[in-house]
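Asks: This is work_7.cif, which holds mmCIF, N, CA and C atoms and all ligand atoms:
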data_final
loop_
_atom_site.label_atom_id
_atom_site.label_comp_id
_atom_site.auth_asym_id
_atom_site.auth_seq_id
_atom_site.Cartn_x
_atom_site.Cartn_y
_atom_site.Cartn_z
N MET A 1 8.95 83.89 -78.96
CA MET A 1 9.62 83.37 -77.75
C MET A 1 8.61 82.67 -76.85
N ILE A 2 7.53 83.40 -76.55
CA ILE A 2 6.49 82.82 -75.67
C ILE A 2 5.86 81.59 -76.34
N THR A 3 5.66 81.71 -77.64
CA THR A 3 5.06 80.60 -78.38
C THR A 3 5.96 79.36 -78.31
N GLN A 4 7.27 79.59 -78.48
CA GLN A 4 8.23 78.48 -78.43
C GLN A 4 8.18 77.79 -77.07
N ARG A 5 8.12 78.64 -76.04
CA ARG A 5 8.12 78.11 -74.68
C ARG A 5 6.86 77.29 -74.43
N ARG A 6 5.74 77.81 -74.92
CA ARG A 6 4.47 77.10 -74.77
C ARG A 6 4.52 75.74 -75.46
N ARG A 7 5.13 75.77 -76.64
CA ARG A 7 5.22 74.53 -77.41
C ARG A 7 6.06 73.50 -76.65
N LEU A 8 7.16 73.97 -76.05
CA LEU A 8 8.04 73.09 -75.27
C LEU A 8 7.28 72.51 -74.08
N LEU A 9 6.55 73.38 -73.37
CA LEU A 9 5.79 72.92 -72.21
C LEU A 9 4.75 71.89 -72.64
N GLY A 10 4.14 72.15 -73.78
CA GLY A 10 3.14 71.21 -74.31
C GLY A 10 3.76 69.85 -74.58
N THR A 11 4.96 69.83 -75.12
CA THR A 11 5.67 68.58 -75.42
C THR A 11 6.01 67.86 -74.12
N LEU A 12 6.49 68.61 -73.15
CA LEU A 12 6.87 68.00 -71.86
C LEU A 12 5.65 67.39 -71.18
N ALA A 13 4.51 68.05 -71.31
CA ALA A 13 3.28 67.57 -70.67
C ALA A 13 2.88 66.21 -71.24
N LEU A 14 3.25 65.94 -72.47
CA LEU A 14 2.90 64.67 -73.11
C LEU A 14 3.79 63.52 -72.66
N LEU A 15 4.97 63.83 -72.13
CA LEU A 15 5.95 62.78 -71.81
C LEU A 15 5.44 61.67 -70.89
N PRO A 16 4.72 61.98 -69.80
CA PRO A 16 4.23 60.89 -68.94
C PRO A 16 3.34 59.91 -69.68
N PHE A 17 2.56 60.41 -70.65
CA PHE A 17 1.67 59.53 -71.40
C PHE A 17 2.47 58.62 -72.32
N VAL A 18 3.54 59.16 -72.87
CA VAL A 18 4.40 58.37 -73.74
C VAL A 18 4.97 57.19 -72.96
N SER A 19 5.44 57.44 -71.72
CA SER A 19 6.02 56.33 -70.96
C SER A 19 4.95 55.31 -70.54
N LEU A 20 3.73 55.76 -70.33
CA LEU A 20 2.66 54.82 -69.98
C LEU A 20 2.38 53.88 -71.15
N VAL A 21 2.39 54.43 -72.35
CA VAL A 21 2.16 53.60 -73.54
C VAL A 21 3.24 52.55 -73.64
N HIS A 22 4.49 52.96 -73.41
CA HIS A 22 5.60 52.01 -73.46
C HIS A 22 5.49 50.95 -72.39
N ALA A 23 5.08 51.37 -71.19
CA ALA A 23 4.99 50.44 -70.06
C ALA A 23 4.03 49.30 -70.37
N ALA A 24 3.02 49.59 -71.17
CA ALA A 24 2.04 48.57 -71.51
C ALA A 24 2.64 47.52 -72.44
N ASN A 25 3.67 47.89 -73.19
CA ASN A 25 4.21 46.99 -74.20
C ASN A 25 5.47 46.24 -73.76
N ALA A 26 6.31 46.88 -72.97
CA ALA A 26 7.57 46.26 -72.58
C ALA A 26 7.62 46.10 -71.07
N PRO A 27 8.23 45.01 -70.58
CA PRO A 27 8.33 44.81 -69.13
C PRO A 27 9.33 45.78 -68.50
N LEU A 28 9.16 45.98 -67.22
CA LEU A 28 10.04 46.88 -66.46
C LEU A 28 11.46 46.31 -66.38
N VAL A 29 12.43 47.18 -66.56
CA VAL A 29 13.83 46.81 -66.32
C VAL A 29 14.25 47.48 -65.02
N GLU A 30 14.57 46.67 -64.01
CA GLU A 30 15.05 47.24 -62.75
C GLU A 30 16.57 47.19 -62.75
N VAL A 31 17.20 48.34 -62.50
CA VAL A 31 18.65 48.49 -62.62
C VAL A 31 19.29 48.78 -61.27
N TRP A 32 20.45 48.16 -61.02
CA TRP A 32 21.28 48.48 -59.86
C TRP A 32 22.60 49.04 -60.37
N LYS A 33 22.98 50.22 -59.89
CA LYS A 33 24.17 50.91 -60.38
C LYS A 33 24.73 51.79 -59.27
N SER A 34 25.93 52.31 -59.50
CA SER A 34 26.47 53.28 -58.55
C SER A 34 25.95 54.66 -58.94
N PRO A 35 25.76 55.55 -57.95
CA PRO A 35 25.18 56.87 -58.25
C PRO A 35 26.03 57.72 -59.19
N THR A 36 27.33 57.41 -59.28
CA THR A 36 28.22 58.25 -60.10
C THR A 36 28.43 57.70 -61.50
N CYS A 37 27.78 56.60 -61.83
CA CYS A 37 28.03 55.95 -63.12
C CYS A 37 27.29 56.65 -64.26
N GLY A 38 28.04 57.37 -65.07
CA GLY A 38 27.45 58.11 -66.19
C GLY A 38 27.04 57.23 -67.35
N CYS A 39 27.89 56.23 -67.68
CA CYS A 39 27.55 55.37 -68.81
C CYS A 39 26.36 54.47 -68.48
N CYS A 40 26.14 54.21 -67.18
CA CYS A 40 24.95 53.46 -66.75
C CYS A 40 23.71 54.27 -67.10
N LYS A 41 23.78 55.58 -66.80
CA LYS A 41 22.66 56.48 -67.09
C LYS A 41 22.37 56.50 -68.58
N ASP A 42 23.45 56.52 -69.38
CA ASP A 42 23.28 56.55 -70.84
C ASP A 42 22.66 55.24 -71.35
N TRP A 43 23.00 54.12 -70.70
CA TRP A 43 22.41 52.83 -71.08
C TRP A 43 20.92 52.82 -70.73
N ILE A 44 20.58 53.37 -69.58
CA ILE A 44 19.17 53.45 -69.15
C ILE A 44 18.38 54.31 -70.15
N ALA A 45 19.00 55.41 -70.61
CA ALA A 45 18.35 56.26 -71.61
C ALA A 45 18.11 55.48 -72.91
N HIS A 46 19.06 54.61 -73.25
CA HIS A 46 18.93 53.75 -74.44
C HIS A 46 17.74 52.80 -74.29
N LEU A 47 17.57 52.23 -73.09
CA LEU A 47 16.45 51.33 -72.84
C LEU A 47 15.13 52.09 -72.98
N GLN A 48 15.09 53.28 -72.37
CA GLN A 48 13.86 54.09 -72.40
C GLN A 48 13.52 54.48 -73.83
N ALA A 49 14.53 54.83 -74.60
CA ALA A 49 14.32 55.20 -76.01
C ALA A 49 13.77 54.03 -76.81
N ASN A 50 14.01 52.81 -76.32
CA ASN A 50 13.52 51.62 -76.99
C ASN A 50 12.26 51.05 -76.33
N GLY A 51 11.61 51.88 -75.50
CA GLY A 51 10.30 51.53 -74.97
C GLY A 51 10.28 50.79 -73.66
N PHE A 52 11.44 50.56 -73.04
CA PHE A 52 11.45 49.86 -71.76
C PHE A 52 11.26 50.84 -70.60
N PRO A 53 10.25 50.63 -69.76
CA PRO A 53 10.19 51.43 -68.54
C PRO A 53 11.29 50.96 -67.59
N THR A 54 11.82 51.85 -66.78
CA THR A 54 12.95 51.49 -65.92
C THR A 54 12.71 51.91 -64.48
N LYS A 55 13.30 51.12 -63.56
CA LYS A 55 13.34 51.49 -62.15
C LYS A 55 14.81 51.41 -61.77
N VAL A 56 15.35 52.50 -61.22
CA VAL A 56 16.80 52.56 -60.98
C VAL A 56 17.11 52.60 -59.49
N ASN A 57 17.97 51.68 -59.04
CA ASN A 57 18.50 51.68 -57.68
C ASN A 57 19.93 52.19 -57.74
N GLU A 58 20.22 53.24 -57.00
CA GLU A 58 21.53 53.90 -57.08
C GLU A 58 22.60 53.20 -56.25
N THR A 59 22.37 51.97 -55.88
CA THR A 59 23.32 51.20 -55.08
C THR A 59 23.00 49.70 -55.23
N GLY A 60 23.88 48.86 -54.68
CA GLY A 60 23.56 47.43 -54.62
C GLY A 60 23.93 46.61 -55.83
N ASN A 61 24.72 47.18 -56.72
CA ASN A 61 25.09 46.50 -57.96
C ASN A 61 25.85 45.20 -57.72
N THR A 62 26.88 45.26 -56.87
CA THR A 62 27.71 44.08 -56.61
C THR A 62 26.92 42.98 -55.90
N ALA A 63 26.11 43.38 -54.92
CA ALA A 63 25.30 42.42 -54.17
C ALA A 63 24.30 41.74 -55.10
N MET A 64 23.69 42.51 -55.97
CA MET A 64 22.68 41.96 -56.88
C MET A 64 23.32 40.99 -57.86
N ARG A 65 24.51 41.34 -58.34
CA ARG A 65 25.22 40.49 -59.29
C ARG A 65 25.48 39.10 -58.69
N SER A 66 25.95 39.07 -57.46
CA SER A 66 26.23 37.76 -56.87
C SER A 66 24.94 37.03 -56.51
N ARG A 67 23.89 37.78 -56.13
CA ARG A 67 22.61 37.14 -55.82
C ARG A 67 22.03 36.45 -57.05
N LEU A 68 22.28 37.01 -58.22
CA LEU A 68 21.75 36.44 -59.46
C LEU A 68 22.62 35.31 -60.00
N GLY A 69 23.74 35.05 -59.32
CA GLY A 69 24.61 33.97 -59.74
C GLY A 69 25.49 34.32 -60.93
N LEU A 70 25.75 35.62 -61.09
CA LEU A 70 26.60 36.09 -62.19
C LEU A 70 28.05 36.07 -61.77
N ASP A 71 28.88 35.35 -62.50
CA ASP A 71 30.30 35.30 -62.22
C ASP A 71 30.92 36.68 -62.48
N VAL A 72 31.87 37.09 -61.61
CA VAL A 72 32.50 38.41 -61.77
C VAL A 72 33.24 38.56 -63.10
N LYS A 73 33.63 37.43 -63.68
CA LYS A 73 34.36 37.53 -64.96
C LYS A 73 33.45 38.07 -66.08
N TYR A 74 32.14 38.00 -65.88
CA TYR A 74 31.19 38.57 -66.85
C TYR A 74 30.75 39.97 -66.43
N GLY A 75 31.36 40.49 -65.36
CA GLY A 75 30.92 41.73 -64.74
C GLY A 75 31.14 42.98 -65.57
N SER A 76 30.29 43.97 -65.29
CA SER A 76 30.41 45.30 -65.89
C SER A 76 29.96 46.33 -64.86
N CYS A 77 29.49 47.47 -65.32
CA CYS A 77 29.22 48.58 -64.41
C CYS A 77 27.82 48.59 -63.80
N HIS A 78 26.88 47.83 -64.35
CA HIS A 78 25.53 47.81 -63.77
C HIS A 78 24.89 46.44 -63.98
N THR A 79 23.96 46.12 -63.11
CA THR A 79 23.24 44.85 -63.16
C THR A 79 21.75 45.18 -63.20
N ALA A 80 21.00 44.39 -63.97
CA ALA A 80 19.56 44.67 -64.08
C ALA A 80 18.78 43.38 -64.15
N LEU A 81 17.47 43.50 -63.93
CA LEU A 81 16.56 42.38 -64.02
C LEU A 81 15.41 42.75 -64.95
N VAL A 82 15.06 41.82 -65.86
CA VAL A 82 13.89 42.03 -66.71
C VAL A 82 13.23 40.68 -66.99
N GLY A 83 11.97 40.59 -66.72
CA GLY A 83 11.22 39.36 -67.01
C GLY A 83 11.86 38.10 -66.46
N GLY A 84 12.50 38.18 -65.29
CA GLY A 84 13.13 37.02 -64.68
C GLY A 84 14.55 36.76 -65.15
N TYR A 85 15.06 37.59 -66.05
CA TYR A 85 16.42 37.45 -66.56
C TYR A 85 17.34 38.55 -66.01
N ALA A 86 18.60 38.17 -65.81
CA ALA A 86 19.61 39.15 -65.41
C ALA A 86 20.21 39.80 -66.65
N LEU A 87 20.56 41.07 -66.51
CA LEU A 87 21.29 41.78 -67.56
C LEU A 87 22.51 42.39 -66.91
N GLU A 88 23.67 42.15 -67.49
CA GLU A 88 24.90 42.72 -66.94
C GLU A 88 25.58 43.57 -68.00
N GLY A 89 25.82 44.83 -67.68
CA GLY A 89 26.55 45.70 -68.60
C GLY A 89 25.69 46.29 -69.71
N HIS A 90 26.39 46.73 -70.76
CA HIS A 90 25.77 47.51 -71.83
C HIS A 90 25.10 46.64 -72.89
N VAL A 91 24.10 45.86 -72.47
CA VAL A 91 23.37 44.97 -73.37
C VAL A 91 22.43 45.79 -74.26
N PRO A 92 22.51 45.62 -75.59
CA PRO A 92 21.61 46.38 -76.48
C PRO A 92 20.15 45.97 -76.30
N ALA A 93 19.24 46.94 -76.40
CA ALA A 93 17.80 46.70 -76.26
C ALA A 93 17.33 45.62 -77.24
N ARG A 94 17.92 45.59 -78.42
CA ARG A 94 17.54 44.61 -79.43
C ARG A 94 17.71 43.17 -78.93
N GLU A 95 18.81 42.92 -78.20
CA GLU A 95 19.04 41.57 -77.65
C GLU A 95 18.11 41.28 -76.48
N ILE A 96 17.74 42.30 -75.73
CA ILE A 96 16.79 42.11 -74.61
C ILE A 96 15.42 41.72 -75.18
N GLN A 97 15.01 42.41 -76.24
CA GLN A 97 13.74 42.08 -76.88
C GLN A 97 13.75 40.65 -77.41
N ARG A 98 14.88 40.24 -77.98
CA ARG A 98 15.02 38.88 -78.51
C ARG A 98 14.99 37.85 -77.38
N LEU A 99 15.68 38.16 -76.29
CA LEU A 99 15.71 37.27 -75.11
C LEU A 99 14.29 37.03 -74.58
N LEU A 100 13.51 38.12 -74.48
CA LEU A 100 12.16 38.03 -73.94
C LEU A 100 11.22 37.29 -74.87
N LYS A 101 11.54 37.28 -76.15
CA LYS A 101 10.72 36.60 -77.14
C LYS A 101 11.07 35.11 -77.17
N GLU A 102 12.38 34.81 -77.14
CA GLU A 102 12.84 33.42 -77.25
C GLU A 102 12.79 32.69 -75.92
N ARG A 103 12.90 33.42 -74.84
CA ARG A 103 12.89 32.87 -73.48
C ARG A 103 13.71 31.58 -73.30
N PRO A 104 15.04 31.65 -73.55
CA PRO A 104 15.88 30.46 -73.35
C PRO A 104 16.06 30.17 -71.85
N THR A 105 16.45 28.92 -71.53
CA THR A 105 16.79 28.58 -70.16
C THR A 105 18.17 29.16 -69.88
N ALA A 106 18.23 30.22 -69.10
CA ALA A 106 19.50 30.92 -68.86
C ALA A 106 19.34 31.90 -67.71
N ILE A 107 20.50 32.35 -67.18
CA ILE A 107 20.47 33.40 -66.16
C ILE A 107 20.12 34.73 -66.83
N GLY A 108 20.70 34.95 -68.00
CA GLY A 108 20.42 36.20 -68.70
C GLY A 108 21.52 36.55 -69.68
N LEU A 109 21.68 37.84 -69.95
CA LEU A 109 22.66 38.32 -70.93
C LEU A 109 23.70 39.20 -70.27
N ALA A 110 24.92 39.17 -70.82
CA ALA A 110 25.98 40.04 -70.32
C ALA A 110 26.84 40.57 -71.45
N VAL A 111 27.25 41.81 -71.28
CA VAL A 111 28.31 42.40 -72.10
C VAL A 111 29.42 42.74 -71.11
N PRO A 112 30.38 41.82 -70.91
CA PRO A 112 31.43 42.04 -69.91
C PRO A 112 32.27 43.28 -70.24
N GLY A 113 32.78 43.90 -69.18
CA GLY A 113 33.59 45.10 -69.37
C GLY A 113 32.74 46.26 -69.83
N MET A 114 33.35 47.17 -70.53
CA MET A 114 32.61 48.32 -71.03
C MET A 114 33.07 48.63 -72.46
N PRO A 115 32.69 47.79 -73.44
CA PRO A 115 33.18 48.04 -74.80
C PRO A 115 32.67 49.37 -75.37
N VAL A 116 33.59 50.12 -75.94
CA VAL A 116 33.25 51.39 -76.59
C VAL A 116 32.43 51.09 -77.84
N GLY A 117 31.32 51.81 -77.99
CA GLY A 117 30.44 51.59 -79.14
C GLY A 117 29.17 50.85 -78.77
N SER A 118 29.16 50.20 -77.57
CA SER A 118 27.94 49.54 -77.11
C SER A 118 26.98 50.61 -76.59
N PRO A 119 25.68 50.31 -76.51
CA PRO A 119 24.71 51.33 -76.07
C PRO A 119 25.06 51.91 -74.69
N GLY A 120 25.20 53.21 -74.62
CA GLY A 120 25.60 53.88 -73.38
C GLY A 120 27.09 54.19 -73.36
N MET A 121 27.83 53.54 -74.25
CA MET A 121 29.28 53.78 -74.42
C MET A 121 29.52 54.35 -75.80
N ASP A 122 28.52 55.06 -76.32
CA ASP A 122 28.57 55.51 -77.70
C ASP A 122 28.24 57.00 -77.84
N GLY A 123 28.40 57.75 -76.77
CA GLY A 123 28.11 59.19 -76.81
C GLY A 123 29.16 59.96 -77.58
N PRO A 124 28.98 61.28 -77.69
CA PRO A 124 29.94 62.13 -78.43
C PRO A 124 31.37 62.05 -77.89
N ASP A 125 31.51 61.72 -76.60
CA ASP A 125 32.84 61.61 -75.98
C ASP A 125 33.71 60.54 -76.65
N TYR A 126 33.07 59.55 -77.28
CA TYR A 126 33.82 58.42 -77.85
C TYR A 126 34.16 58.63 -79.32
N GLY A 127 33.73 59.75 -79.87
CA GLY A 127 34.11 60.12 -81.24
C GLY A 127 33.78 59.09 -82.30
N GLY A 128 32.67 58.40 -82.13
CA GLY A 128 32.22 57.43 -83.14
C GLY A 128 33.01 56.13 -83.14
N GLN A 129 33.89 55.94 -82.16
CA GLN A 129 34.69 54.71 -82.09
C GLN A 129 33.80 53.52 -81.76
N LYS A 130 34.01 52.41 -82.43
CA LYS A 130 33.23 51.20 -82.16
C LYS A 130 34.16 50.01 -82.03
N ASP A 131 34.28 49.49 -80.83
CA ASP A 131 35.08 48.29 -80.62
C ASP A 131 34.17 47.06 -80.79
N PRO A 132 34.72 45.96 -81.31
CA PRO A 132 33.91 44.75 -81.43
C PRO A 132 33.58 44.18 -80.05
N TYR A 133 32.39 43.63 -79.90
CA TYR A 133 32.04 42.98 -78.63
C TYR A 133 30.98 41.92 -78.86
N ASP A 134 30.87 41.02 -77.88
CA ASP A 134 29.87 39.96 -77.92
C ASP A 134 28.86 40.15 -76.80
N VAL A 135 27.62 39.84 -77.10
CA VAL A 135 26.60 39.72 -76.07
C VAL A 135 26.56 38.24 -75.71
N LEU A 136 26.79 37.94 -74.43
CA LEU A 136 26.85 36.54 -73.99
C LEU A 136 25.54 36.10 -73.35
N LEU A 137 25.15 34.86 -73.63
CA LEU A 137 24.03 34.25 -72.93
C LEU A 137 24.63 33.43 -71.79
N LEU A 138 24.29 33.80 -70.57
CA LEU A 138 24.85 33.13 -69.40
C LEU A 138 23.97 31.96 -69.01
N ARG A 139 24.57 30.77 -69.05
CA ARG A 139 23.83 29.56 -68.70
C ARG A 139 23.84 29.36 -67.19
N LYS A 140 22.89 28.56 -66.72
CA LYS A 140 22.75 28.35 -65.28
C LYS A 140 23.91 27.56 -64.68
N ASP A 141 24.64 26.82 -65.54
CA ASP A 141 25.79 26.06 -65.03
C ASP A 141 27.06 26.90 -64.98
N GLY A 142 26.95 28.21 -65.23
CA GLY A 142 28.10 29.10 -65.12
C GLY A 142 28.84 29.32 -66.43
N THR A 143 28.47 28.55 -67.47
CA THR A 143 29.12 28.75 -68.76
C THR A 143 28.36 29.83 -69.55
N ALA A 144 28.98 30.25 -70.65
CA ALA A 144 28.37 31.29 -71.47
C ALA A 144 28.57 30.97 -72.94
N VAL A 145 27.59 31.32 -73.73
CA VAL A 145 27.71 31.19 -75.19
C VAL A 145 27.44 32.55 -75.82
N THR A 146 28.02 32.75 -77.01
CA THR A 146 27.79 34.02 -77.71
C THR A 146 26.36 34.06 -78.23
N TYR A 147 25.64 35.09 -77.83
CA TYR A 147 24.24 35.25 -78.22
C TYR A 147 24.17 36.12 -79.47
N GLN A 148 25.02 37.14 -79.51
CA GLN A 148 25.09 38.03 -80.68
C GLN A 148 26.45 38.71 -80.70
N THR A 149 26.96 38.86 -81.91
CA THR A 149 28.26 39.50 -82.09
C THR A 149 28.05 40.87 -82.72
N TYR A 150 28.72 41.88 -82.18
CA TYR A 150 28.67 43.22 -82.77
C TYR A 150 30.06 43.57 -83.27
N ARG A 151 30.15 43.87 -84.57
CA ARG A 151 31.45 44.18 -85.17
C ARG A 151 31.38 45.53 -85.86
CU CU B 201 29.32 51.32 -68.27
#
The structure given in the file should be rewritten as structure tokens.
Replies:
Amino acid sequence: MITQRRRLLGTLALLPFVSLVHAANAPLVEVWKSPTCGCCKDWIAHLQANGFPTKVNETGNTAMRSRLGLDVKYGSCHTALVGGYALEGHVPAREIQRLLKERPTAIGLAVPGMPVGSPGMDGPDYGGQKDPYDVLLLRKDGTAVTYQTYR
């Protein structure tokens, strides 16, 4: 029992170093969300699991969305900024990594609404259900093109 507990404490003690290593490799994702948003938290956990350090603001989501020039029709439950790009909704880490590598001229990426099966909308509560959805690349002129399709 004591040994198990010690082992757990030892693992926890390593956690800050793990995030420092990640911080060196991936840029910070700053998130604006409502304090009661559970799926937002799950999306943030998905980012962290994929090496992104995060800074979370528990308010200001709507204000930030309009400041970034994101049309409400592309809206979802949280808004974020990474490397000068906006992220709206449950955008998979894989597409964020691709965005940062390709660096297209755009406002950023959006997954409008809250599709079940997207990162943060895929917990045990959803029973493995996966709805099809698109990750959109939002252009500066207000239009959007499909960046990646998930089926
Ligand atoms: Cu959500």
Asks: Give the residues close to ligand CU 201 (chain B), within 6.5 Å, counting all atoms listed in the file; write them as a PyMOL selection string.
Replies: chain A and resi 38-40+76-78+89-90+113-114+120
Asks: Could you take the residues named above and write them with N, CA and C atoms, as a compact mmCIF listing (two decimals), in the frame of the given file?
Replies:
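What follows is the written file result18.txt:
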# COMPACT_ATOMS: atom_id res chain seq x y z
N GLY A 38 28.04 57.37 -65.07
CA GLY A 38 27.45 58.11 -66.19
C GLY A 38 27.04 57.23 -67.35
N CYS A 39 27.89 56.23 -67.68
CA CYS A 39 27.55 55.37 -68.81
C CYS A 39 26.36 54.47 -68.48
N CYS A 40 26.14 54.21 -67.18
CA CYS A 40 24.95 53.46 -66.75
C CYS A 40 23.71 54.27 -67.10
N SER A 76 30.29 43.97 -65.29
CA SER A 76 30.41 45.30 -65.89
C SER A 76 29.96 46.33 -64.86
N CYS A 77 29.49 47.47 -65.32
CA CYS A 77 29.22 48.58 -64.41
C CYS A 77 27.82 48.59 -63.80
N HIS A 78 26.88 47.83 -64.35
CA HIS A 78 25.53 47.81 -63.77
C HIS A 78 24.89 46.44 -63.98
N GLY A 89 25.82 44.83 -67.68
CA GLY A 89 26.55 45.70 -68.60
C GLY A 89 25.69 46.29 -69.71
N HIS A 90 26.39 46.73 -70.76
CA HIS A 90 25.77 47.51 -71.83
C HIS A 90 25.10 46.64 -72.89
N GLY A 113 32.78 43.90 -69.18
CA GLY A 113 33.59 45.10 -69.37
C GLY A 113 32.74 46.26 -69.83
N MET A 114 33.35 47.17 -70.53
CA MET A 114 32.61 48.32 -71.03
C MET A 114 33.07 48.63 -72.46
N GLY A 120 25.20 53.21 -74.62
CA GLY A 120 25.60 53.88 -73.38
C GLY A 120 27.09 54.19 -73.36
Asks: Between A:Gly83, A:Trp43, A:Ser34, A:Tyr74, which one has atoms that come closest to Asp122 in chain A, using all atoms listed in the file?
Replies: A:Trp43
Asks: Per DSSP on the backbone, what are the helix (DSSP H, G or I) residues of range 59-138 of chain A, as a list in words?
Replies: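 The helix (DSSP H, G or I) residues within range 59-138 of chain A come out as Asn61, Thr62, Ala63, Met64, Arg65, Ser66, Arg67, Val72, Lys73, Tyr74, Ala93, Arg94, Glu95, Ile96, Gln97, Arg98, Leu99, Leu100, Lys101, Glu102, Pro124, Asp125 and Tyr126 of chain A.
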Asks: Write out as a ChimeraX atom specification each polymer residue whose atoms come within 6.5 Å of Lys55 in chain A, counting all atoms listed in the file; drop sequence neighbours fewer than 6 positions from it.
Replies: /A:28-31
Asks: CA of Val135 in chain A and CA of Gly69 in chain A are how many Å apart?
Replies: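 Separation of CA of Val135 in chain A and CA of Gly69 in chain A: 17.4 Å.
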Asks: One decimal, in Å: what's the spacing between atom C of Asp71 in chain A and atom N of Leu99 in chain A?
Replies: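 About the pair atom C of Asp71 in chain A and atom N of Leu99 in chain A: they are 20.6 Å apart.
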Asks: To one decimal place, how far is CA of Lys41 in chain A from atom C of Pro119 in chain A in Å?
Replies: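 Atom-to-atom, CA of Lys41 in chain A to atom C of Pro119 in chain A, that is 9.2 Å.
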Asks: Just the strand (DSSP E or B) stuff from chain A, please, per backbone DSSP, written as a VMD selection string.
Replies: chain A and resid 29 to 32 54 to 57 79 to 82 85 to 89 108 to 111 133 to 138 144 to 150
Asks: Just want the 7 Å neighbourhood of Thr146 in chain A, counted on only C-alpha atoms, with same-chain residues fewer than 5 positions away dropped. Output as a PyMOL selection string.
Replies: chain A and resi 134-137
Asks: Identify which of the residues A:Leu109, A:Val72, A:Met64, A:Ala49 lies closest to Tyr85 in chain A, counting only N, CA and C atoms when measuring atom-to-atom distances.
Replies: A:Leu109
Asks: Would it be fine to have range 77-100 of chain A, with C-alpha atoms, given as a PDB file, in the first residue's frame?
Replies:
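Written out: selection26.pdb:
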ATOM      1  CA  CYS A  77     -18.424  26.221 -27.300  1.00  0.00           C
ATOM      2  CA  HIS A  78     -14.886  27.619 -26.996  1.00  0.00           C
ATOM      3  CA  THR A  79     -12.487  29.900 -28.846  1.00  0.00           C
ATOM      4  CA  ALA A  80      -8.701  29.664 -28.776  1.00  0.00           C
ATOM      5  CA  LEU A  81      -5.563  31.235 -30.180  1.00  0.00           C
ATOM      6  CA  VAL A  82      -2.386  29.438 -31.257  1.00  0.00           C
ATOM      7  CA  GLY A  83       0.533  30.835 -33.222  1.00  0.00           C
ATOM      8  CA  GLY A  84      -1.574  33.763 -34.490  1.00  0.00           C
ATOM      9  CA  TYR A  85      -4.450  31.515 -35.604  1.00  0.00           C
ATOM     10  CA  ALA A  86      -7.954  31.253 -34.172  1.00  0.00           C
ATOM     11  CA  LEU A  87      -9.412  27.886 -33.222  1.00  0.00           C
ATOM     12  CA  GLU A  88     -13.149  27.499 -32.766  1.00  0.00           C
ATOM     13  CA  GLY A  89     -14.708  24.388 -31.275  1.00  0.00           C
ATOM     14  CA  HIS A  90     -13.482  20.809 -31.096  1.00  0.00           C
ATOM     15  CA  VAL A  91     -10.589  21.058 -33.582  1.00  0.00           C
ATOM     16  CA  PRO A  92      -8.390  17.905 -33.509  1.00  0.00           C
ATOM     17  CA  ALA A  93      -4.746  18.421 -32.440  1.00  0.00           C
ATOM     18  CA  ARG A  94      -3.665  16.764 -35.691  1.00  0.00           C
ATOM     19  CA  GLU A  95      -5.186  19.611 -37.744  1.00  0.00           C
ATOM     20  CA  ILE A  96      -3.650  22.235 -35.441  1.00  0.00           C
ATOM     21  CA  GLN A  97      -0.219  20.686 -35.979  1.00  0.00           C
ATOM     22  CA  ARG A  98      -0.837  20.707 -39.741  1.00  0.00           C
ATOM     23  CA  LEU A  99      -2.026  24.342 -39.654  1.00  0.00           C
ATOM     24  CA  LEU A 100       1.122  25.427 -37.803  1.00  0.00           C
TER      25      LEU A 100
END
